[in-house]
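Novice: Dropping in upload-v4.pdb, with PDB, C-alpha atoms and all ligand atoms.
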ATOM      1  CA  MET A 234      25.348 -16.462  22.714
ATOM      2  CA  LEU A 235      24.233 -16.066  26.331
ATOM      3  CA  PRO A 236      26.947 -14.639  28.605
ATOM      4  CA  ILE A 237      27.484 -17.980  30.300
ATOM      5  CA  GLU A 238      30.670 -18.831  32.161
ATOM      6  CA  LEU A 239      31.764 -22.489  32.203
ATOM      7  CA  LYS A 240      35.450 -22.018  33.041
ATOM      8  CA  ASP A 241      37.025 -25.071  34.738
ATOM      9  CA  LYS A 242      34.077 -27.261  33.752
ATOM     10  CA  VAL A 243      34.491 -30.471  31.787
ATOM     11  CA  ALA A 244      31.819 -31.341  29.225
ATOM     12  CA  VAL A 245      31.190 -34.547  27.299
ATOM     13  CA  VAL A 246      29.285 -34.238  24.022
ATOM     14  CA  THR A 247      28.248 -37.320  22.061
ATOM     15  CA  GLY A 248      27.899 -37.085  18.282
ATOM     16  CA  ALA A 249      30.204 -34.061  18.207
ATOM     17  CA  THR A 250      31.463 -34.452  14.639
ATOM     18  CA  ARG A 251      28.852 -32.336  12.909
ATOM     19  CA  GLY A 252      25.474 -30.608  13.077
ATOM     20  CA  ILE A 253      24.006 -29.874  16.474
ATOM     21  CA  GLY A 254      26.656 -31.854  18.383
ATOM     22  CA  PHE A 255      29.579 -29.959  16.874
ATOM     23  CA  CYS A 256      27.867 -26.633  17.477
ATOM     24  CA  VAL A 257      27.139 -27.607  21.099
ATOM     25  CA  ALA A 258      30.758 -28.697  21.677
ATOM     26  CA  SER A 259      32.094 -25.497  20.119
ATOM     27  CA  SER A 260      29.692 -23.297  22.135
ATOM     28  CA  LEU A 261      30.545 -25.035  25.423
ATOM     29  CA  SER A 262      34.217 -24.507  24.587
ATOM     30  CA  LYS A 263      33.684 -20.806  23.828
ATOM     31  CA  ALA A 264      31.990 -20.524  27.251
ATOM     32  CA  GLY A 265      35.194 -21.878  28.825
ATOM     33  CA  ALA A 266      34.561 -25.617  29.234
ATOM     34  CA  LYS A 267      37.031 -28.312  28.293
ATOM     35  CA  VAL A 268      35.262 -30.681  25.929
ATOM     36  CA  ALA A 269      35.459 -34.431  25.333
ATOM     37  CA  CYS A 270      34.099 -34.950  21.811
ATOM     38  CA  ILE A 271      32.605 -38.405  21.261
ATOM     39  CA  GLY A 272      31.873 -39.916  17.853
ATOM     40  CA  THR A 273      32.356 -42.890  15.567
ATOM     41  CA  ASN A 274      34.132 -41.264  12.629
ATOM     42  CA  ALA A 275      37.811 -40.777  13.569
ATOM     43  CA  GLU A 276      38.616 -38.437  10.715
ATOM     44  CA  ARG A 277      35.640 -36.116  11.213
ATOM     45  CA  LEU A 278      36.141 -36.194  14.985
ATOM     46  CA  ALA A 279      39.773 -35.111  14.568
ATOM     47  CA  GLN A 280      38.660 -32.212  12.321
ATOM     48  CA  SER A 281      36.067 -31.069  14.887
ATOM     49  CA  VAL A 282      38.556 -31.148  17.737
ATOM     50  CA  GLU A 283      41.169 -29.350  15.642
ATOM     51  CA  LYS A 284      38.683 -26.589  14.818
ATOM     52  CA  ILE A 285      37.718 -26.100  18.484
ATOM     53  CA  ASN A 286      41.362 -26.084  19.601
ATOM     54  CA  SER A 287      42.381 -23.677  16.823
ATOM     55  CA  GLU A 288      39.832 -21.231  18.250
ATOM     56  CA  GLY A 289      41.493 -21.383  21.674
ATOM     57  CA  GLY A 290      39.547 -24.266  23.172
ATOM     58  CA  VAL A 291      40.650 -27.425  24.954
ATOM     59  CA  ALA A 292      39.024 -30.402  23.264
ATOM     60  CA  GLN A 293      39.965 -34.023  22.831
ATOM     61  CA  SER A 294      38.415 -36.746  20.714
ATOM     62  CA  PHE A 295      37.267 -40.148  21.943
ATOM     63  CA  ILE A 296      36.069 -42.666  19.384
ATOM     64  CA  CYS A 297      33.054 -44.608  20.609
ATOM     65  CA  ASN A 298      29.803 -46.089  19.364
ATOM     66  CA  VAL A 299      27.420 -45.044  22.145
ATOM     67  CA  ALA A 300      25.247 -48.128  21.618
ATOM     68  CA  ASP A 301      28.128 -50.471  22.475
ATOM     69  CA  ALA A 302      28.517 -51.081  26.227
ATOM     70  CA  ASP A 303      32.185 -52.116  26.087
ATOM     71  CA  GLN A 304      33.135 -49.110  23.968
ATOM     72  CA  VAL A 305      31.272 -46.761  26.311
ATOM     73  CA  GLU A 306      33.040 -48.216  29.334
ATOM     74  CA  ALA A 307      36.460 -47.821  27.690
ATOM     75  CA  MET A 308      35.613 -44.298  26.482
ATOM     76  CA  SER A 309      34.403 -43.115  29.907
ATOM     77  CA  LYS A 310      37.562 -44.445  31.571
ATOM     78  CA  ALA A 311      39.702 -42.608  29.014
ATOM     79  CA  VAL A 312      37.729 -39.356  29.460
ATOM     80  CA  LEU A 313      38.010 -39.516  33.250
ATOM     81  CA  GLU A 314      41.736 -40.305  33.058
ATOM     82  CA  THR A 315      42.240 -37.319  30.748
ATOM     83  CA  PHE A 316      40.051 -34.712  32.448
ATOM     84  CA  GLY A 317      39.660 -36.036  36.024
ATOM     85  CA  SER A 318      35.907 -35.567  36.287
ATOM     86  CA  VAL A 319      32.855 -34.578  34.278
ATOM     87  CA  ASP A 320      30.491 -31.673  35.018
ATOM     88  CA  ILE A 321      28.278 -31.552  31.923
ATOM     89  CA  LEU A 322      27.041 -34.421  29.762
ATOM     90  CA  VAL A 323      25.193 -33.768  26.518
ATOM     91  CA  ASN A 324      23.612 -36.895  25.048
ATOM     92  CA  ASN A 325      23.285 -35.689  21.472
ATOM     93  CA  ALA A 326      24.253 -38.630  19.214
ATOM     94  CA  GLY A 327      21.233 -39.791  17.262
ATOM     95  CA  ILE A 328      20.210 -41.440  14.009
ATOM     96  CA  THR A 329      17.092 -41.863  11.889
ATOM     97  CA  ARG A 330      16.024 -44.907   9.859
ATOM     98  CA  ASP A 331      12.648 -43.644   8.654
ATOM     99  CA  MET A 332      10.068 -46.117   7.357
ATOM    100  CA  LEU A 333       6.355 -46.695   7.767
ATOM    101  CA  MET A 334       5.878 -48.986  10.750
ATOM    102  CA  ARG A 335       4.274 -51.795   8.748
ATOM    103  CA  ARG A 336       7.390 -52.014   6.553
ATOM    104  CA  MET A 337       9.971 -51.344   9.252
ATOM    105  CA  THR A 338      12.640 -54.019   9.657
ATOM    106  CA  ASN A 339      13.906 -55.314  12.981
ATOM    107  CA  ALA A 340      17.275 -53.776  12.185
ATOM    108  CA  GLU A 341      15.740 -50.334  11.536
ATOM    109  CA  TRP A 342      13.972 -50.534  14.889
ATOM    110  CA  ASP A 343      16.960 -51.891  16.845
ATOM    111  CA  ASP A 344      19.536 -49.512  15.351
ATOM    112  CA  VAL A 345      17.555 -46.405  16.243
ATOM    113  CA  ILE A 346      16.607 -47.579  19.732
ATOM    114  CA  GLY A 347      20.231 -48.665  20.227
ATOM    115  CA  VAL A 348      21.851 -45.312  19.419
ATOM    116  CA  ASN A 349      19.094 -42.932  20.575
ATOM    117  CA  LEU A 350      17.946 -44.617  23.795
ATOM    118  CA  ARG A 351      20.379 -47.337  24.901
ATOM    119  CA  GLY A 352      23.221 -44.904  24.054
ATOM    120  CA  PRO A 353      22.174 -42.160  26.515
ATOM    121  CA  PHE A 354      21.529 -44.812  29.196
ATOM    122  CA  LEU A 355      25.008 -46.353  28.792
ATOM    123  CA  VAL A 356      26.823 -43.015  28.600
ATOM    124  CA  THR A 357      24.913 -41.440  31.493
ATOM    125  CA  ARG A 358      25.471 -44.470  33.724
ATOM    126  CA  ALA A 359      29.177 -44.363  32.897
ATOM    127  CA  PHE A 360      29.603 -40.729  34.019
ATOM    128  CA  VAL A 361      27.049 -40.385  36.780
ATOM    129  CA  GLU A 362      29.368 -41.656  39.517
ATOM    130  CA  SER A 363      31.806 -38.834  38.751
ATOM    131  CA  MET A 364      28.977 -36.296  39.134
ATOM    132  CA  ARG A 365      27.627 -37.960  42.291
ATOM    133  CA  LYS A 366      31.067 -37.723  43.921
ATOM    134  CA  LYS A 367      31.241 -33.997  43.115
ATOM    135  CA  LYS A 368      27.641 -33.484  44.256
ATOM    136  CA  SER A 369      26.996 -31.483  41.119
ATOM    137  CA  GLY A 370      26.314 -32.100  37.464
ATOM    138  CA  ARG A 371      24.312 -31.239  34.410
ATOM    139  CA  ILE A 372      22.853 -33.866  32.087
ATOM    140  CA  ILE A 373      21.221 -32.545  28.912
ATOM    141  CA  ASN A 374      19.508 -34.958  26.544
ATOM    142  CA  ILE A 375      18.732 -34.026  22.958
ATOM    143  CA  ALA A 376      15.275 -35.510  22.324
ATOM    144  CA  SER A 377      12.917 -34.352  19.556
ATOM    145  CA  ILE A 378       9.432 -32.976  19.067
ATOM    146  CA  SER A 379       8.863 -36.323  17.321
ATOM    147  CA  GLY A 380       9.062 -37.898  20.798
ATOM    148  CA  LEU A 381       6.358 -35.519  22.041
ATOM    149  CA  ILE A 382       3.813 -35.535  19.212
ATOM    150  CA  GLY A 383       4.870 -38.455  16.971
ATOM    151  CA  ASN A 384       5.651 -38.291  13.257
ATOM    152  CA  ALA A 385       4.474 -40.678  10.534
ATOM    153  CA  GLY A 386       7.406 -42.728   9.252
ATOM    154  CA  GLN A 387       9.317 -42.432  12.501
ATOM    155  CA  ALA A 388       7.853 -45.081  14.849
ATOM    156  CA  ASN A 389      11.362 -46.155  15.859
ATOM    157  CA  TYR A 390      12.693 -42.603  16.223
ATOM    158  CA  SER A 391       9.617 -41.244  18.051
ATOM    159  CA  ALA A 392       9.683 -44.204  20.432
ATOM    160  CA  SER A 393      13.390 -43.662  21.112
ATOM    161  CA  LYS A 394      12.927 -39.945  21.800
ATOM    162  CA  ALA A 395       9.778 -40.481  23.911
ATOM    163  CA  GLY A 396      11.827 -43.045  25.839
ATOM    164  CA  LEU A 397      14.605 -40.488  26.272
ATOM    165  CA  ILE A 398      12.065 -38.030  27.671
ATOM    166  CA  GLY A 399      10.871 -40.635  30.204
ATOM    167  CA  PHE A 400      14.496 -41.418  31.050
ATOM    168  CA  THR A 401      15.152 -37.688  31.610
ATOM    169  CA  ARG A 402      12.197 -37.237  33.950
ATOM    170  CA  THR A 403      12.988 -40.380  35.942
ATOM    171  CA  ILE A 404      16.679 -39.814  36.484
ATOM    172  CA  SER A 405      16.049 -36.177  37.419
ATOM    173  CA  LYS A 406      14.200 -37.704  40.399
ATOM    174  CA  GLU A 407      17.001 -40.166  41.160
ATOM    175  CA  LEU A 408      19.838 -37.635  40.976
ATOM    176  CA  GLY A 409      18.341 -34.446  42.391
ATOM    177  CA  ASN A 410      19.584 -35.169  45.905
ATOM    178  CA  ARG A 411      23.148 -35.036  44.541
ATOM    179  CA  ASN A 412      22.560 -31.635  42.946
ATOM    180  CA  ILE A 413      22.598 -33.117  39.458
ATOM    181  CA  THR A 414      20.051 -31.597  37.083
ATOM    182  CA  VAL A 415      18.683 -33.552  34.129
ATOM    183  CA  ASN A 416      16.799 -31.827  31.336
ATOM    184  CA  ALA A 417      15.947 -32.503  27.710
ATOM    185  CA  ILE A 418      15.680 -30.308  24.665
ATOM    186  CA  ALA A 419      13.177 -31.274  21.991
ATOM    187  CA  PRO A 420      14.337 -29.648  18.761
ATOM    188  CA  GLY A 421      11.937 -29.034  15.919
ATOM    189  CA  PHE A 422      13.374 -29.082  12.395
ATOM    190  CA  ILE A 423      16.987 -27.903  12.506
ATOM    191  CA  GLU A 424      19.144 -27.363   9.399
ATOM    192  CA  THR A 425      21.745 -30.152   9.571
ATOM    193  CA  ASP A 426      22.806 -33.157   7.483
ATOM    194  CA  MET A 427      20.000 -35.100   9.174
ATOM    195  CA  THR A 428      17.308 -32.872   7.661
ATOM    196  CA  ALA A 429      19.191 -32.165   4.393
ATOM    197  CA  VAL A 430      17.767 -35.424   3.018
ATOM    198  CA  LEU A 431      14.156 -34.245   3.415
ATOM    199  CA  ARG A 432      12.247 -33.197   0.310
ATOM    200  CA  ASP A 433      11.826 -29.448  -0.392
ATOM    201  CA  VAL A 434       8.038 -29.732  -0.335
ATOM    202  CA  MET A 435       8.185 -31.221   3.166
ATOM    203  CA  ILE A 436      10.557 -28.513   4.407
ATOM    204  CA  GLN A 437       8.260 -25.834   2.977
ATOM    205  CA  GLY A 438       5.300 -27.483   4.744
ATOM    206  CA  VAL A 439       7.195 -27.355   8.041
ATOM    207  CA  LYS A 440       8.042 -23.668   7.543
ATOM    208  CA  ASP A 441       4.399 -22.925   6.739
ATOM    209  CA  ARG A 442       3.270 -24.598   9.971
ATOM    210  CA  THR A 443       5.944 -22.946  12.116
ATOM    211  CA  PRO A 444       4.845 -19.633  13.691
ATOM    212  CA  LEU A 445       8.392 -18.267  13.355
ATOM    213  CA  GLY A 446       8.384 -19.295   9.675
ATOM    214  CA  ARG A 447      11.836 -20.880   9.430
ATOM    215  CA  LEU A 448      13.858 -23.965  10.309
ATOM    216  CA  GLY A 449      16.103 -23.769  13.350
ATOM    217  CA  GLN A 450      19.892 -23.511  13.277
ATOM    218  CA  PRO A 451      22.256 -25.648  15.393
ATOM    219  CA  GLU A 452      23.024 -22.473  17.414
ATOM    220  CA  ASP A 453      19.359 -22.340  18.515
ATOM    221  CA  ILE A 454      19.861 -25.701  20.221
ATOM    222  CA  ALA A 455      23.366 -24.900  21.499
ATOM    223  CA  ASN A 456      22.053 -21.776  23.267
ATOM    224  CA  ALA A 457      19.448 -23.852  25.111
ATOM    225  CA  VAL A 458      22.152 -26.377  26.068
ATOM    226  CA  LEU A 459      24.354 -23.562  27.397
ATOM    227  CA  PHE A 460      21.492 -22.311  29.535
ATOM    228  CA  PHE A 461      20.765 -25.749  31.049
ATOM    229  CA  ALA A 462      24.516 -26.187  31.650
ATOM    230  CA  SER A 463      24.849 -22.859  33.417
ATOM    231  CA  ASP A 464      24.603 -21.816  37.071
ATOM    232  CA  GLN A 465      21.575 -19.745  36.045
ATOM    233  CA  ALA A 466      19.615 -22.994  35.491
ATOM    234  CA  SER A 467      20.522 -24.585  38.833
ATOM    235  CA  PHE A 468      16.875 -24.910  40.015
ATOM    236  CA  ILE A 469      15.547 -26.423  36.789
ATOM    237  CA  THR A 470      15.377 -30.187  36.433
ATOM    238  CA  GLY A 471      13.188 -32.811  34.779
ATOM    239  CA  GLN A 472      12.087 -30.343  32.101
ATOM    240  CA  ILE A 473      11.583 -30.860  28.383
ATOM    241  CA  LEU A 474      12.130 -27.683  26.384
ATOM    242  CA  ALA A 475      10.819 -27.609  22.823
ATOM    243  CA  VAL A 476      13.067 -25.438  20.635
ATOM    244  CA  ASP A 477      10.990 -25.514  17.480
ATOM    245  CA  GLY A 478       9.927 -22.018  16.454
ATOM    246  CA  GLY A 479       6.505 -22.727  17.955
ATOM    247  CA  LEU A 480       5.729 -25.699  15.677
ATOM    248  CA  ILE A 481       4.029 -27.879  18.295
ATOM    249  CA  ASN A 482       2.301 -25.103  20.237
TER     250      ASN A 482
HETATM  251  P1  LIG A 501      23.584 -35.430  12.443
HETATM  252  O1  LIG A 501      23.212 -36.667  11.727
HETATM  253  O2  LIG A 501      24.059 -34.251  11.663
HETATM  254  O3  LIG A 501      24.664 -35.751  13.573
HETATM  255  C1  LIG A 501      24.523 -36.853  14.427
HETATM  256  C2  LIG A 501      25.826 -37.089  15.146
HETATM  257  O4  LIG A 501      25.711 -38.281  15.927
HETATM  258  C3  LIG A 501      26.993 -37.286  14.204
HETATM  259  O5  LIG A 501      28.140 -36.684  14.756
HETATM  260  C4  LIG A 501      27.157 -38.797  14.186
HETATM  261  O6  LIG A 501      28.453 -39.219  13.836
HETATM  262  C5  LIG A 501      26.819 -39.127  15.627
HETATM  263  N1  LIG A 501      26.476 -40.532  15.833
HETATM  264  C6  LIG A 501      25.584 -41.262  15.132
HETATM  265  N2  LIG A 501      25.563 -42.532  15.594
HETATM  266  C7  LIG A 501      26.449 -42.585  16.612
HETATM  267  C8  LIG A 501      26.864 -43.613  17.489
HETATM  268  N3  LIG A 501      26.385 -44.852  17.397
HETATM  269  N4  LIG A 501      27.805 -43.326  18.428
HETATM  270  C9  LIG A 501      28.327 -42.086  18.522
HETATM  271  N5  LIG A 501      27.968 -41.067  17.716
HETATM  272  C10 LIG A 501      27.040 -41.325  16.763
HETATM  273  O7  LIG A 501      22.302 -35.051  13.311
HETATM  274  P2  LIG A 501      21.831 -33.669  13.987
HETATM  275  O8  LIG A 501      20.767 -33.109  13.144
HETATM  276  O9  LIG A 501      22.982 -32.840  14.358
HETATM  277  O10 LIG A 501      21.131 -34.268  15.293
HETATM  278  C11 LIG A 501      21.725 -34.283  16.580
HETATM  279  C12 LIG A 501      20.689 -34.742  17.580
HETATM  280  O11 LIG A 501      19.554 -33.889  17.522
HETATM  281  C13 LIG A 501      20.167 -36.153  17.322
HETATM  282  O12 LIG A 501      19.960 -36.814  18.552
HETATM  283  C14 LIG A 501      18.859 -35.908  16.629
HETATM  284  O13 LIG A 501      17.972 -36.978  16.799
HETATM  285  C15 LIG A 501      18.388 -34.651  17.332
HETATM  286  N6  LIG A 501      17.402 -33.901  16.567
HETATM  287  C16 LIG A 501      17.723 -33.319  15.361
HETATM  288  C17 LIG A 501      16.762 -32.623  14.669
HETATM  289  C18 LIG A 501      17.049 -31.955  13.365
HETATM  290  O14 LIG A 501      16.103 -31.396  12.784
HETATM  291  N7  LIG A 501      18.263 -31.946  12.860
HETATM  292  C19 LIG A 501      15.395 -32.500  15.171
HETATM  293  C20 LIG A 501      15.157 -33.137  16.437
HETATM  294  C21 LIG A 501      16.141 -33.795  17.104
END
Can you present the structure in this file as structure tokens?

Specialist:
Amino acid sequence: MLPIELKDKVAVVTGATRGIGFCVASSLSKAGAKVACIGTNAERLAQSVEKINSEGGVAQSFICNVADADQVEAMSKAVLETFGSVDILVNNAGITRDMLMRRMTNAEWDDVIGVNLRGPFLVTRAFVESMRKKKSGRIINIASISGLIGNAGQANYSASKAGLIGFTRTISKELGNRNITVNAIAPGFIETDMTAVLRDVMIQGVKDRTPLGRLGQPEDIANAVLFFASDQASFITGQILAVDGGLIN
């Protein structure tokens, strides 16, 4: 882990129950930040928070579907009442509903756009006033290489992540004058529950096409998040960093 100091900072991480989101929340905590863990599954969220706190962290769970405007409003109020303000927001929650476009249902399209694109908009809007008041903040969006180069079977997902990239670039321009940086990370294939459903032959194909010859680990993404969250990254905004072992080079 990079020697990054986030003492006295408050971080919000969406989709913190497992995979990349849990690893990000745990890493931010180990760097000293207090962490608001957001998710939909109360039981898994409680386990994540318990694990972080048992390792000396200060984390609290907030149940919220990021695609639901009322739930996001209630969650952001509760987070701000608990922690006072927010310094770091990681929009990580995301889903896939893969299907060839010609067979894709309206629900498959709407669900993915709802969680992956409407979600970051709602959550960011809910916390941005807190950052504007402090004249400082870090917003880090977890996009995907699928949003940069496309991927057959993922028209909904690619569109959501490409939209998130456009959102990142635009709000970096809107918020820069308040010293708020906004960056995105575009992971390649990372070993989590999301990719566990992929067929072995596909995973092998990805490894073969990846210069570094392996899938990524959640820590590979968490380290990039820590960097964007740190003081060391204070002059970097509007950037999209592919963390993919060189796959899309
Ligand atoms: P995951 O499926 O293991 O975890 C997703 C998390 O988001 C879970 O905690 C889940 O409960 C939460 N979540 C889902 N819908 C939600 C909602 N409506 N409201 C609040 N929370 C919700 O996925 P993984 O692999 O950890 O992915 C995390 C992020 O990284 C996602 O945005 C994903 O699109 C992105 N990503 C992952 C890649 C991979 O290879 N695993 C590659 C590229 C991007």

Novice: Applying the PyMOL selection byres (((chain A and resi 269) around 6) and not hetatm) to the file I just gave you, which residues come out? Please list them as a list in words.

Specialist: Val245, Val268, Cys270, Ala292, Gln293 and Ser294 of chain A

Novice: Tell me, as a short mmCIF file (atom, residue, chain, number, x, y, z; two decimals) with C-alpha atoms, keeping the file's coordinate frame, which residues lie within 10 Å of Ser379 (chain A), counting all atoms listed in the file; anything in the same chain fewer than 5 positions away does not count.

Specialist:
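The resulting file, selection.cif, is shown below:
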data_model
loop_
_atom_site.label_atom_id
_atom_site.label_comp_id
_atom_site.auth_asym_id
_atom_site.auth_seq_id
_atom_site.Cartn_x
_atom_site.Cartn_y
_atom_site.Cartn_z
CA ASN A 384 5.65 -38.29 13.26
CA ALA A 385 4.47 -40.68 10.53
CA GLN A 387 9.32 -42.43 12.50
CA ALA A 388 7.85 -45.08 14.85
CA TYR A 390 12.69 -42.60 16.22
CA SER A 391 9.62 -41.24 18.05
CA ALA A 392 9.68 -44.20 20.43
CA SER A 393 13.39 -43.66 21.11
CA LYS A 394 12.93 -39.94 21.80
CA ALA A 395 9.78 -40.48 23.91
CA ALA A 419 13.18 -31.27 21.99
CA PRO A 420 14.34 -29.65 18.76
CA GLY A 421 11.94 -29.03 15.92
CA PHE A 422 13.37 -29.08 12.40
CA ILE A 481 4.03 -27.88 18.30
#

Novice: Quick one: distance from CA of Gly370 (chain A) to CA of Gly478 (chain A) in Å, one decimal?

Specialist: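 Computed distance, CA of Gly370 (chain A) to CA of Gly478 (chain A), equals 28.5 Å.
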
Novice: So what do you get for CA of Asn410 (chain A) versus CA of Phe460 (chain A), distance-wise?

Specialist: 20.9 Å

Novice: When you draw a straight line from CA of Val312 (chain A) to atom O6 of ligand LIG 501 (chain A), how long is it in Å?

Specialist: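 The value is 18.2 Å.
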
Novice: Restricting the calculation to only C-alpha atoms and all ligand atoms: of A:Ile321, A:Leu397, A:Leu239, A:Leu408, which residue gets closest to ligand LIG 501 (chain A)?

Specialist: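 That would be A:Leu397, the residue with the smallest distance to ligand LIG 501 (chain A).
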
Novice: On this structure, which residues satisfy the PyMOL selection byres (((chain A and resi 304) around 12) and not hetatm), written as a list of chain:residue names?

Specialist: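 Given this file, the PyMOL selection byres (((chain A and resi 304) around 12) and not hetatm) evaluates to A:Ile271, A:Gly272, A:Thr273, A:Phe295, A:Ile296, A:Cys297, A:Asn298, A:Val299, A:Ala300, A:Asp301, A:Ala302, A:Asp303, A:Val305, A:Glu306, A:Ala307, A:Met308, A:Ser309, A:Lys310, A:Ala311, A:Gly352, A:Leu355, A:Val356, A:Ala359.
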
Novice: So which residues touch Gly254 (chain A) within 10 Å, counting all atoms listed in the file, skipping near sequence neighbours fewer than 3 positions away, as a list in words?

Specialist: Val246, Thr247, Gly248, Ala249, Thr250, Arg251, Val257, Ala258, Ser259, Ser260, Cys270, Ile271, Gly272, Val323, Asn324, Asn325, Ala326, Gly327, Ile375, Pro451, Ile454 and Ala455 of chain A

Novice: Using all atoms listed in the file, which of the listed residues (A:Ile253, A:Asp241, A:Ala279, A:Arg442) sits closest to Gly317 (chain A)?

Specialist: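 Closest candidate: A:Asp241.
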
Novice: For Gly396 (chain A), which residue out of A:Gly449, A:Gly347, A:Gly479, A:Gly438 is the nearest one, using only C-alpha atoms?

Specialist: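 The shortest atom-to-atom distance to Gly396 (chain A) comes from A:Gly347.
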
Novice: My list of candidates is A:Leu480, A:Val434, A:Ile404, A:Val243. Which is closest to ligand LIG 501 (chain A) when distances are computed with all atoms listed in the file?

Specialist: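 Under the stated criterion, the closest residue is A:Leu480.
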
Novice: Hey, which of A:Ile237, A:Ile328, A:Leu333, A:Ala457 ends up closest to Val348 (chain A)? Count only C-alpha atoms.

Specialist: A:Ile328

Novice: Of the candidates A:Ala244, A:Val415, A:Ala466, A:Ala475, which shows the shortest atom-to-atom distance to Leu322 (chain A), using all atoms listed in the file?

Specialist: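 Answer, going by the shortest atom-to-atom distance: A:Ala244.
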
Novice: Output, as JSON, the centre and edge lengths in Å (one decimal) of the axis-aligned box that contains all listed atoms of ligand LIG 501 (chain A) with 4 Å of margin on each side.

Specialist:
{"center_x": 21.8, "center_y": -38.1, "center_z": 15.1, "size_x": 21.3, "size_y": 21.5, "size_z": 14.9}

Novice: Excluding Lys263 (chain A) and any residue of its chain fewer than 6 positions from it, enumerate the residues within 10 Å of it, using only C-alpha atoms, and give them as a PyMOL selection string.

Specialist: chain A and resi 234+237-240+257+285+288-291

Novice: Could you tell me which residues the PyMOL selection byres (((chain A and resi 470) around 9) and not hetatm) returns for this structure, as a PyMOL selection string?

Specialist: chain A and resi 401-402+405-406+409+413-416+461+466-469+471-473

Novice: Set the distance at 9 Å and use all atoms listed in the file: which residues neighbour Thr329 (chain A) once local chain neighbours fewer than 2 positions away are removed? I'd like the list as number ranges by chain.

Specialist: A: 327, 331, 341, 344-345, 349, 387, 389-390, 427

Novice: Given the selection you just returned, output its residues as a file containing C-alpha atoms, formatted as a compact mmCIF listing (two decimals), in the frame of the given file.

Specialist:
# COMPACT_ATOMS: atom_id res chain seq x y z
CA GLY A 327 21.23 -39.79 17.26
CA ASP A 331 12.65 -43.64 8.65
CA GLU A 341 15.74 -50.33 11.54
CA ASP A 344 19.54 -49.51 15.35
CA VAL A 345 17.56 -46.40 16.24
CA ASN A 349 19.09 -42.93 20.58
CA GLN A 387 9.32 -42.43 12.50
CA ASN A 389 11.36 -46.16 15.86
CA TYR A 390 12.69 -42.60 16.22
CA MET A 427 20.00 -35.10 9.17
